[in-house]
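Raw protein.tsv, TSV, C-alpha atoms and all ligand atoms:
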```
chain	number	residue	atom	x	y	z
A	1	MET	CA	-27.43	-28.07	110.90
A	2	SER	CA	-29.09	-25.25	112.88
A	3	PRO	CA	-29.37	-21.92	111.00
A	4	HIS	CA	-28.54	-20.30	114.34
A	5	ILE	CA	-25.03	-19.91	115.76
A	6	SER	CA	-24.32	-20.50	119.45
A	7	LEU	CA	-23.51	-17.79	121.99
A	8	SER	CA	-19.95	-19.12	122.24
A	9	ARG	CA	-19.40	-18.84	118.48
A	10	TYR	CA	-21.00	-15.36	118.40
A	11	LEU	CA	-18.70	-14.13	121.17
A	12	VAL	CA	-15.59	-15.65	119.53
A	13	GLU	CA	-16.48	-14.00	116.22
A	14	GLU	CA	-17.16	-10.64	117.94
A	15	GLN	CA	-13.77	-10.95	119.63
A	16	ARG	CA	-11.93	-12.02	116.47
A	17	GLN	CA	-13.64	-9.91	113.82
A	18	ARG	CA	-14.58	-6.72	115.62
A	19	GLY	CA	-12.24	-6.68	118.59
A	20	LYS	CA	-15.25	-5.72	120.68
A	21	ILE	CA	-14.85	-8.37	123.33
A	22	PRO	CA	-11.51	-9.04	125.06
A	23	ALA	CA	-10.94	-12.73	125.86
A	24	GLN	CA	-11.52	-12.24	129.61
A	25	LEU	CA	-14.84	-10.47	128.97
A	26	ARG	CA	-15.88	-13.24	126.57
A	27	LEU	CA	-15.12	-15.80	129.31
A	28	LEU	CA	-17.13	-13.76	131.83
A	29	LEU	CA	-20.16	-13.56	129.54
A	30	GLU	CA	-20.05	-17.29	128.84
A	31	VAL	CA	-19.91	-18.03	132.58
A	32	VAL	CA	-22.85	-15.70	133.29
A	33	ALA	CA	-24.83	-17.37	130.50
A	34	ARG	CA	-24.05	-20.80	131.95
A	35	ALA	CA	-25.18	-19.62	135.38
A	36	CYS	CA	-28.44	-18.33	133.86
A	37	LYS	CA	-29.03	-21.80	132.37
A	38	GLY	CA	-28.71	-23.20	135.89
A	39	ILE	CA	-31.12	-20.61	137.27
A	40	SER	CA	-33.56	-21.33	134.44
A	41	HIS	CA	-33.44	-25.02	135.36
A	42	ALA	CA	-34.20	-24.25	139.02
A	43	VAL	CA	-37.00	-21.80	138.12
A	44	ASN	CA	-38.59	-24.28	135.70
A	45	LYS	CA	-38.83	-26.96	138.41
A	46	GLY	CA	-41.37	-24.84	140.33
A	47	ALA	CA	-43.18	-26.73	143.06
A	48	LEU	CA	-41.49	-29.96	141.98
A	49	GLY	CA	-38.16	-28.63	143.11
A	50	GLU	CA	-38.93	-27.41	146.63
A	51	VAL	CA	-37.84	-23.93	145.46
A	52	MET	CA	-41.09	-21.99	145.80
A	53	GLY	CA	-42.15	-19.59	148.51
A	54	SER	CA	-40.31	-17.36	150.94
A	55	ALA	CA	-36.87	-18.01	152.40
A	56	GLY	CA	-37.99	-16.39	155.67
A	57	SER	CA	-35.32	-13.66	155.41
A	58	GLU	CA	-35.04	-10.08	154.14
A	59	ASN	CA	-32.50	-8.54	151.73
A	60	VAL	CA	-30.67	-5.23	152.07
A	61	GLN	CA	-33.73	-3.55	150.58
A	62	GLY	CA	-35.88	-4.84	153.43
A	63	GLU	CA	-37.74	-7.08	150.97
A	64	VAL	CA	-38.77	-10.65	151.84
A	65	GLN	CA	-36.41	-13.00	149.98
A	66	LYS	CA	-37.85	-15.88	147.99
A	67	LYS	CA	-35.97	-19.19	148.09
A	68	LEU	CA	-35.19	-18.73	144.40
A	69	ASP	CA	-33.69	-15.26	145.04
A	70	ILE	CA	-31.10	-16.89	147.28
A	71	ILE	CA	-30.56	-19.89	144.97
A	72	ALA	CA	-30.03	-17.59	141.95
A	73	ASN	CA	-27.59	-15.44	143.92
A	74	GLU	CA	-25.58	-18.50	145.01
A	75	VAL	CA	-25.50	-19.90	141.47
A	76	LEU	CA	-24.05	-16.64	140.11
A	77	ILE	CA	-21.45	-16.34	142.90
A	78	GLU	CA	-20.29	-19.96	142.62
A	79	ALA	CA	-20.12	-19.86	138.82
A	80	ASN	CA	-18.09	-16.65	138.66
A	81	GLU	CA	-15.74	-16.62	141.65
A	82	TRP	CA	-13.07	-19.12	140.46
A	83	GLY	CA	-12.61	-18.22	136.76
A	84	GLY	CA	-10.02	-15.46	137.17
A	85	HIS	CA	-12.02	-12.89	135.18
A	86	LEU	CA	-13.55	-11.02	138.14
A	87	ALA	CA	-12.25	-8.95	141.02
A	88	ALA	CA	-15.56	-8.72	142.87
A	89	MET	CA	-19.35	-8.97	142.58
A	90	ALA	CA	-22.30	-6.97	143.88
A	91	SER	CA	-25.87	-8.20	144.15
A	92	GLU	CA	-29.29	-6.91	145.14
A	93	GLU	CA	-29.36	-9.83	147.59
A	94	MET	CA	-26.10	-8.96	149.38
A	95	ASP	CA	-25.53	-5.94	151.68
A	96	SER	CA	-21.90	-5.46	150.64
A	97	ILE	CA	-19.68	-6.48	147.75
A	98	TYR	CA	-18.31	-10.02	147.42
A	99	VAL	CA	-14.55	-9.89	146.80
A	100	VAL	CA	-13.15	-12.93	144.95
A	101	PRO	CA	-11.45	-15.08	147.64
A	102	ASN	CA	-7.63	-15.10	147.71
A	103	ARG	CA	-7.58	-18.81	146.75
A	104	TYR	CA	-8.70	-17.76	143.26
A	105	PRO	CA	-6.97	-15.44	140.74
A	106	GLN	CA	-8.37	-11.91	140.59
A	107	GLY	CA	-9.55	-10.53	137.24
A	108	GLU	CA	-10.12	-7.04	135.85
A	109	TYR	CA	-13.94	-6.94	135.83
A	110	LEU	CA	-16.66	-6.13	138.35
A	111	LEU	CA	-19.98	-7.97	137.98
A	112	LEU	CA	-23.24	-6.58	139.37
A	113	PHE	CA	-26.56	-8.37	139.24
A	114	ASP	CA	-30.13	-8.64	140.35
A	115	PRO	CA	-30.12	-12.43	140.47
A	116	LEU	CA	-33.87	-12.86	140.15
A	117	ASP	CA	-35.84	-9.74	139.29
A	118	GLY	CA	-39.62	-9.80	139.65
A	119	SER	CA	-39.55	-12.52	142.27
A	120	SER	CA	-43.06	-11.60	143.45
A	121	ASN	CA	-44.10	-13.35	140.22
A	122	ILE	CA	-42.35	-16.65	140.97
A	123	ASP	CA	-45.21	-18.28	142.88
A	124	VAL	CA	-47.76	-17.30	140.21
A	125	ASN	CA	-45.71	-18.58	137.25
A	126	VAL	CA	-45.17	-15.21	135.54
A	127	SER	CA	-41.93	-14.35	133.69
A	128	ILE	CA	-38.95	-13.31	135.86
A	129	GLY	CA	-35.31	-12.73	135.04
A	130	THR	CA	-31.66	-12.15	135.91
A	131	ILE	CA	-30.19	-8.69	135.17
A	132	PHE	CA	-26.41	-8.15	134.99
A	133	SER	CA	-23.95	-5.32	134.43
A	134	VAL	CA	-20.18	-5.46	133.90
A	135	LEU	CA	-17.74	-2.68	134.84
A	136	GLN	CA	-13.97	-2.46	134.53
A	137	LYS	CA	-12.05	-2.57	137.82
A	138	PRO	CA	-10.23	0.80	138.14
A	139	GLU	CA	-6.55	0.62	137.14
A	140	GLY	CA	-3.83	0.19	139.72
A	141	ILE	CA	-5.90	-0.69	142.77
A	142	ALA	CA	-4.63	-3.42	145.09
A	143	ALA	CA	-7.76	-4.20	147.09
A	144	VAL	CA	-11.12	-3.63	145.41
A	145	SER	CA	-13.73	-1.81	147.49
A	146	GLU	CA	-17.38	-0.78	147.18
A	147	GLN	CA	-16.20	2.65	146.03
A	148	ASP	CA	-14.74	1.04	142.88
A	149	PHE	CA	-18.24	-0.06	141.85
A	150	LEU	CA	-19.62	3.51	141.98
A	151	GLN	CA	-19.21	4.22	138.26
A	152	ALA	CA	-21.78	5.86	135.99
A	153	GLY	CA	-23.77	3.49	133.75
A	154	ALA	CA	-21.98	4.95	130.72
A	155	LYS	CA	-18.86	3.10	131.95
A	156	GLN	CA	-20.41	-0.37	131.53
A	157	VAL	CA	-18.50	-2.73	129.22
A	158	ALA	CA	-21.32	-5.28	128.97
A	159	ALA	CA	-24.93	-5.54	130.15
A	160	GLY	CA	-27.81	-7.90	129.70
A	161	TYR	CA	-30.54	-10.02	131.15
A	162	CYS	CA	-31.90	-13.52	130.97
A	163	VAL	CA	-35.70	-13.73	130.91
A	164	TYR	CA	-37.27	-16.96	132.18
A	165	GLY	CA	-40.54	-16.97	130.27
A	166	PRO	CA	-42.20	-19.17	127.61
A	167	GLN	CA	-38.66	-19.17	126.19
A	168	THR	CA	-35.49	-18.65	128.20
A	169	MET	CA	-33.72	-15.81	126.36
A	170	LEU	CA	-30.40	-14.09	126.93
A	171	VAL	CA	-30.28	-10.44	125.74
A	172	LEU	CA	-26.89	-8.78	125.60
A	173	THR	CA	-24.94	-5.68	124.58
A	174	VAL	CA	-21.21	-4.98	124.60
A	175	GLY	CA	-21.72	-1.57	123.02
A	176	ASP	CA	-22.20	-2.91	119.49
A	177	GLY	CA	-26.01	-3.06	119.40
A	178	VAL	CA	-28.32	-5.57	121.08
A	179	VAL	CA	-28.46	-9.29	120.33
A	180	MET	CA	-30.85	-11.99	121.55
A	181	PHE	CA	-30.24	-15.70	122.15
A	182	THR	CA	-32.84	-18.39	122.80
A	183	LEU	CA	-32.00	-21.39	124.97
A	184	ASP	CA	-32.13	-24.65	123.00
A	185	ARG	CA	-32.76	-27.08	125.85
A	186	GLU	CA	-31.99	-30.12	123.66
A	187	GLN	CA	-28.48	-28.83	122.94
A	188	GLY	CA	-28.19	-26.94	126.25
A	189	SER	CA	-26.94	-23.89	124.31
A	190	PHE	CA	-28.08	-20.30	123.83
A	191	MET	CA	-28.59	-19.87	120.08
A	192	LEU	CA	-28.53	-16.49	118.29
A	193	THR	CA	-32.11	-15.67	117.27
A	194	GLN	CA	-32.07	-11.88	116.77
A	195	GLU	CA	-29.47	-9.23	115.91
A	196	HIS	CA	-29.72	-5.47	115.33
A	197	VAL	CA	-32.62	-5.12	117.82
A	198	LYS	CA	-34.34	-1.76	117.33
A	199	VAL	CA	-36.90	0.00	119.57
A	200	PRO	CA	-39.43	1.97	117.45
A	201	GLU	CA	-39.16	5.70	118.27
A	202	ASP	CA	-42.95	5.98	118.69
A	203	THR	CA	-45.39	3.71	120.49
A	204	GLN	CA	-48.99	3.30	121.59
A	205	GLU	CA	-48.18	1.22	124.63
A	206	PHE	CA	-47.13	2.35	128.11
A	207	ALA	CA	-46.22	0.36	131.22
A	208	ILE	CA	-46.68	1.75	134.72
A	209	ASN	CA	-48.29	0.56	137.98
A	210	MET	CA	-51.54	2.54	137.73
A	211	SER	CA	-52.44	1.84	141.38
A	212	ASN	CA	-49.87	4.50	142.32
A	213	MET	CA	-51.52	7.24	140.21
A	214	ARG	CA	-52.58	9.40	143.17
A	215	HIS	CA	-48.94	9.48	144.35
A	216	TRP	CA	-47.30	10.54	141.06
A	217	ALA	CA	-45.69	13.90	140.34
A	218	PRO	CA	-47.70	16.15	137.94
A	219	PRO	CA	-45.58	15.49	134.79
A	220	VAL	CA	-46.18	11.73	135.00
A	221	LYS	CA	-49.87	12.22	135.73
A	222	ARG	CA	-50.16	14.61	132.75
A	223	PHE	CA	-48.51	12.11	130.40
A	224	VAL	CA	-50.69	9.17	131.51
A	225	ASP	CA	-53.89	11.28	131.49
A	226	GLU	CA	-53.15	12.27	127.87
A	227	CYS	CA	-52.61	8.61	126.95
A	228	LEU	CA	-55.94	7.69	128.58
A	229	GLN	CA	-57.75	10.46	126.64
A	230	GLY	CA	-56.79	8.51	123.52
A	231	LYS	CA	-57.61	9.75	120.02
A	232	ASP	CA	-60.08	12.33	121.41
A	233	GLY	CA	-57.29	14.00	123.39
A	234	VAL	CA	-54.12	15.92	122.55
A	235	ARG	CA	-52.26	12.76	121.52
A	236	GLY	CA	-54.79	12.00	118.77
A	237	LYS	CA	-54.29	8.25	119.14
A	238	ASN	CA	-55.38	5.47	121.48
A	239	PHE	CA	-52.92	3.81	123.87
A	240	ASN	CA	-52.68	0.35	125.38
A	241	MET	CA	-51.31	-0.39	128.86
A	242	ARG	CA	-49.22	-3.29	130.14
A	243	TRP	CA	-47.73	-3.93	133.62
A	244	ILE	CA	-46.14	-7.33	134.32
A	245	ALA	CA	-44.48	-6.19	137.59
A	246	SER	CA	-41.31	-7.82	136.30
A	247	MET	CA	-38.94	-5.23	134.82
A	248	VAL	CA	-37.15	-7.86	132.73
A	249	ALA	CA	-40.41	-8.93	131.06
A	250	ASP	CA	-41.62	-5.36	130.51
A	251	VAL	CA	-38.27	-4.27	129.04
A	252	HIS	CA	-38.13	-7.37	126.84
A	253	ARG	CA	-41.52	-6.48	125.35
A	254	ILE	CA	-40.27	-2.94	124.67
A	255	LEU	CA	-37.12	-4.24	122.95
A	256	MET	CA	-39.33	-6.52	120.83
A	257	ARG	CA	-42.07	-4.03	119.84
A	258	GLY	CA	-41.50	-0.64	121.46
A	259	GLY	CA	-43.29	0.98	124.40
A	260	LEU	CA	-42.66	3.17	127.41
A	261	PHE	CA	-41.77	1.78	130.87
A	262	MET	CA	-42.08	4.05	133.89
A	263	TYR	CA	-41.35	3.51	137.56
A	264	PRO	CA	-41.19	7.18	138.58
A	265	TRP	CA	-40.62	8.88	141.91
A	266	ASP	CA	-43.81	9.09	143.91
A	267	GLN	CA	-44.85	10.61	147.23
A	268	ARG	CA	-45.30	7.29	149.07
A	269	GLU	CA	-41.62	7.46	150.07
A	270	PRO	CA	-40.67	11.03	149.06
A	271	ASN	CA	-37.09	10.67	150.30
A	272	LYS	CA	-36.42	7.83	147.84
A	273	PRO	CA	-35.78	8.88	144.20
A	274	GLY	CA	-37.68	5.80	143.01
A	275	LYS	CA	-38.14	2.06	143.63
A	276	LEU	CA	-35.73	0.54	141.12
A	277	ARG	CA	-31.99	0.22	141.77
A	278	LEU	CA	-29.57	2.19	139.66
A	279	MET	CA	-26.50	-0.06	139.54
A	280	TYR	CA	-27.99	-3.45	138.66
A	281	GLU	CA	-31.45	-2.71	137.26
A	282	ALA	CA	-31.69	0.76	135.68
A	283	ASN	CA	-28.13	1.02	134.30
A	284	PRO	CA	-28.01	-2.31	132.43
A	285	MET	CA	-31.57	-1.90	131.13
A	286	SER	CA	-30.93	1.71	130.09
A	287	TRP	CA	-27.81	0.75	128.12
A	288	LEU	CA	-29.68	-2.04	126.33
A	289	ILE	CA	-32.52	0.35	125.46
A	290	GLU	CA	-30.10	3.04	124.21
A	291	GLN	CA	-28.09	0.50	122.21
A	292	ALA	CA	-31.39	-0.45	120.52
A	293	GLY	CA	-32.17	3.20	119.64
A	294	GLY	CA	-34.36	4.02	122.63
A	295	ALA	CA	-33.82	6.45	125.51
A	296	ALA	CA	-33.72	6.30	129.32
A	297	THR	CA	-33.93	9.17	131.82
A	298	ASN	CA	-34.87	9.70	135.45
A	299	GLY	CA	-37.14	12.57	134.40
A	300	GLN	CA	-34.30	15.07	134.61
A	301	GLN	CA	-31.20	13.45	133.11
A	302	ARG	CA	-29.91	10.48	131.11
A	303	ILE	CA	-29.76	7.54	133.53
A	304	LEU	CA	-26.35	6.44	132.21
A	305	ASP	CA	-24.89	9.82	133.20
A	306	ILE	CA	-25.91	9.55	136.86
A	307	GLN	CA	-22.86	9.37	139.15
A	308	PRO	CA	-23.78	6.83	141.87
A	309	THR	CA	-23.01	7.55	145.53
A	310	GLN	CA	-24.28	4.29	147.05
A	311	LEU	CA	-24.19	0.70	145.80
A	312	HIS	CA	-27.91	0.08	146.34
A	313	GLU	CA	-29.20	3.52	145.49
A	314	ARG	CA	-32.55	3.81	143.78
A	315	VAL	CA	-33.60	5.86	140.78
A	316	SER	CA	-36.72	7.00	138.94
A	317	VAL	CA	-36.92	5.18	135.58
A	318	ILE	CA	-38.50	6.36	132.33
A	319	LEU	CA	-37.27	4.25	129.40
A	320	GLY	CA	-38.24	2.94	125.99
A	321	SER	CA	-39.38	4.51	122.71
A	322	LYS	CA	-37.28	7.63	122.24
A	323	ASN	CA	-40.00	10.14	121.38
A	324	GLU	CA	-42.16	9.16	124.35
A	325	VAL	CA	-39.23	9.30	126.80
A	326	GLU	CA	-38.40	12.76	125.46
A	327	ARG	CA	-42.02	13.87	125.91
A	328	VAL	CA	-42.22	12.73	129.55
A	329	THR	CA	-38.81	14.26	130.28
A	330	ALA	CA	-39.90	17.55	128.66
A	331	TYR	CA	-43.01	17.59	130.89
A	332	HIS	CA	-40.68	17.35	133.91
A	333	ALA	CA	-38.73	20.36	132.62
A	334	ASN	CA	-41.90	22.40	132.16
A	335	VAL	CA	-43.11	22.02	135.76
B	401	LIG	P1	-44.62	-3.02	141.85
B	401	LIG	C1	-39.91	-6.32	140.87
B	401	LIG	O1	-40.07	-6.39	142.27
B	401	LIG	C2	-39.49	-4.91	140.52
B	401	LIG	O2	-38.27	-4.61	141.13
B	401	LIG	C3	-39.43	-4.75	139.01
B	401	LIG	O3	-39.03	-5.90	138.36
B	401	LIG	C4	-40.85	-4.36	138.64
B	401	LIG	O4	-40.92	-3.56	137.47
B	401	LIG	C5	-41.31	-3.57	139.87
B	401	LIG	O5	-40.49	-3.98	140.97
B	401	LIG	C6	-42.76	-3.86	140.20
B	401	LIG	O6	-43.10	-3.03	141.29
B	401	LIG	O7	-44.62	-1.87	142.84
B	401	LIG	O8	-45.52	-2.76	140.66
B	401	LIG	O9	-44.86	-4.37	142.45
```
Serialized structure, structure tokens:
Amino acid sequence: MSPHISLSRYLVEEQRQRGKIPAQLRLLLEVVARACKGISHAVNKGALGEVMGSAGSENVQGEVQKKLDIIANEVLIEANEWGGHLAAMASEEMDSIYVVPNRYPQGEYLLLFDPLDGSSNIDVNVSIGTIFSVLQKPEGIAAVSEQDFLQAGAKQVAAGYCVYGPQTMLVLTVGDGVVMFTLDREQGSFMLTQEHVKVPEDTQEFAINMSNMRHWAPPVKRFVDECLQGKDGVRGKNFNMRWIASMVADVHRILMRGGLFMYPWDQREPNKPGKLRLMYEANPMSWLIEQAGGAATNGQQRILDIQPTQLHERVSVILGSKNEVERVTAYHANV
């Protein structure tokens, strides 16, 4: 008998004992988890599955789509459209929202996702992942529209990711802390392997793409310079650096052992607030980090308080160990 309980049992017990998960949300989360198992299977095939390389198309962001980006998007749409728990979906890979077709019952939730984040890592066999965020459909609306998705991250009712790495792990919050499940491929089930995830408030590890250093704003450059000065500098301690170029993998490491992740505004494209997308990357990751005792800002304000104006809008991201996020944010205030 496994010492670990399954995702299904965990969600039923959360629903029954703590009233944290309404039945329709439990169904939605189980469907998303099942879709992630399907994506994991496709990702794990690699070159054996004719799924590598570019699809020869671009997404709404103007980025070249990998075949697996499109496969992952289709898996999530097909898994979620018929169950009656959703009104509509939004994806990094789709220009506009996908309203559940009339042939299926409409539900009360909105699902947003980056179906395969970090896809530049697919062809070199480095961890990638699916990021998802769940919002409540506004009350009393007949036909759901893109405007109904434009809710601050603080309104999320569930958020999580599935990281396809040495293990396939599902990491989830419904506002009651962060829990982690590991895929048992023999049983085909996600099994609970960690509860009460906590991000240490201090760290000696930062994650940023250092090749952009000459483009950063002064507060970010000051913070990183101080880290690089190590114990001989003002910080009085040495730092380590990581950059996987897969937000899911970098955030997972921070949830497991602390750290600071930054993808800040830089002057390469000064009219864009940052590279990462607010609705289906920064918001779900920021809620997970906050639920685990960390912090997440855009340099000026809490990311979860940002009122979105566009579905695919971008944001500057500084998240992770609370004291380091507060330091970088304070440097922005002192400019
Ligand atoms: P760069 C992946 O494309 C992504 O959206 C995030 O997962 C990752 O953190 C970032 O972009 C990497 O960006 O500019 O370092 O390749």
message = At a cut-off of 6 Å around ligand LIG 401 (chain B), and using only C-alpha atoms and all ligand atoms, what residues come up? Please write them as an MDAnalysis selection string.
response = chainID A and resid 117:118 209 245:247 276
key: Among the residues A:Ala295, A:Asn44, A:Lys37, A:Tyr331, the one that comes closest to A:Asp184 [using all atoms listed in the file]   =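 Nearest candidate to A:Asp184 out of A:Ala295, A:Asn44, A:Lys37, A:Tyr331: A:Lys37.
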query = Between A:Pro22, A:Pro308, A:Gly38, A:Gly299, which one has atoms that come closest to A:Val325, using all atoms listed in the file?
reply =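 Closest to A:Val325 of all the choices is A:Gly299.
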task = Enter the distance from atom CA of A:Ala35 to atom CA of A:Val100, in Å, rounded to one decimal.
result = 16.8 Å
Counting all atoms listed in the file, which residues of stretch 34-101 of chain A fall within 12 Å of stretch 309-319 of chain A, and what is the closest atom pair for each with its distance in Å at one decimal, ordered by chain and rising number, as a tab-separated table?
```
residue	atom	partner	partner_atom	distance
A:Asn59	CA	A:His312	CA	11.2
A:Val60	CA	A:His312	CA	8.3
A:Gln61	CA	A:His312	CA	8.1
A:Gly62	CA	A:His312	CA	11.7
A:Met89	CA	A:Leu311	CA	11.3
A:Ala90	CA	A:Leu311	CA	8.1
A:Ser91	CA	A:His312	CA	8.8
A:Glu92	CA	A:His312	CA	7.2
A:Glu93	CA	A:His312	CA	10.1
A:Met94	CA	A:His312	CA	9.7
A:Asp95	CA	A:His312	CA	8.4
A:Ser96	CA	A:Leu311	CA	8.2
A:Ile97	CA	A:Leu311	CA	8.7
```
inquiry  = Tell me which residues come within 12 Å of (-32.3, -1.0, 124.8), as a PyMOL selection string, counting all atoms listed in the file in the file's coordinates.
reply    = chain A and resi 159-161+171-180+196-201+248+250-261+282-296+319-322
inquiry  = Could you check the closest approach to A:Ile131 for each of A:Ile21, A:Leu116, A:Val75, A:Ile5 and tell me which residue wins, using all atoms listed in the file?
reply    =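 Among the listed residues, the smallest separation from A:Ile131 belongs to A:Leu116.
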key: Distance of atom CA of A:Gln307 from atom CA of A:Gly153, expressed in Å to one decimal place   =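 Going from atom CA of A:Gly153 over to atom CA of A:Gln307 covers 8.0 Å.
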Selected residue of minimal separation from A:Tyr263 among A:Phe181, A:Phe239, A:Phe206, A:Tyr104, counting all atoms listed in the file =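 So, comparing all the options, the nearest one is A:Phe206.
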Two-atom distance - atom CA of A:His332, atom CA of A:Ala152 (Å) =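 So the two atoms, atom CA of A:His332 and atom CA of A:Ala152, lie 22.2 Å apart.
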ask   = Which of these residues is nearest to A:Val224, using all atoms listed in the file: A:Leu170, A:Leu183, A:Val328, A:Ala143?
value =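 Among the listed residues, the smallest separation from A:Val224 belongs to A:Val328.
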key: Minimum-distance residue to A:Met52, chosen among A:Arg222, A:Lys67, A:His85, A:His215 (using all atoms listed in the file)   =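 When distances to A:Met52 are compared using all atoms listed in the file, the smallest one comes from A:Lys67.
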Which residues of stretch 170-273 of chain A come within 8 Å of stretch 6-14 of chain A, and what is each one's closest atom pair and distance in Å (one decimal), counting all atoms listed in the file, sorted by chain and residue number, as JSON lines?
```
{"residue": "A:Phe181", "atom": "CA", "partner": "A:Leu7", "partner_atom": "CA", "distance": 7.0}
{"residue": "A:Ser189", "atom": "CA", "partner": "A:Ser6", "partner_atom": "CA", "distance": 6.5}
{"residue": "A:Phe190", "atom": "CA", "partner": "A:Leu7", "partner_atom": "CA", "distance": 5.5}
{"residue": "A:Met191", "atom": "CA", "partner": "A:Ser6", "partner_atom": "CA", "distance": 4.4}
{"residue": "A:Leu192", "atom": "CA", "partner": "A:Ser6", "partner_atom": "CA", "distance": 5.9}
```
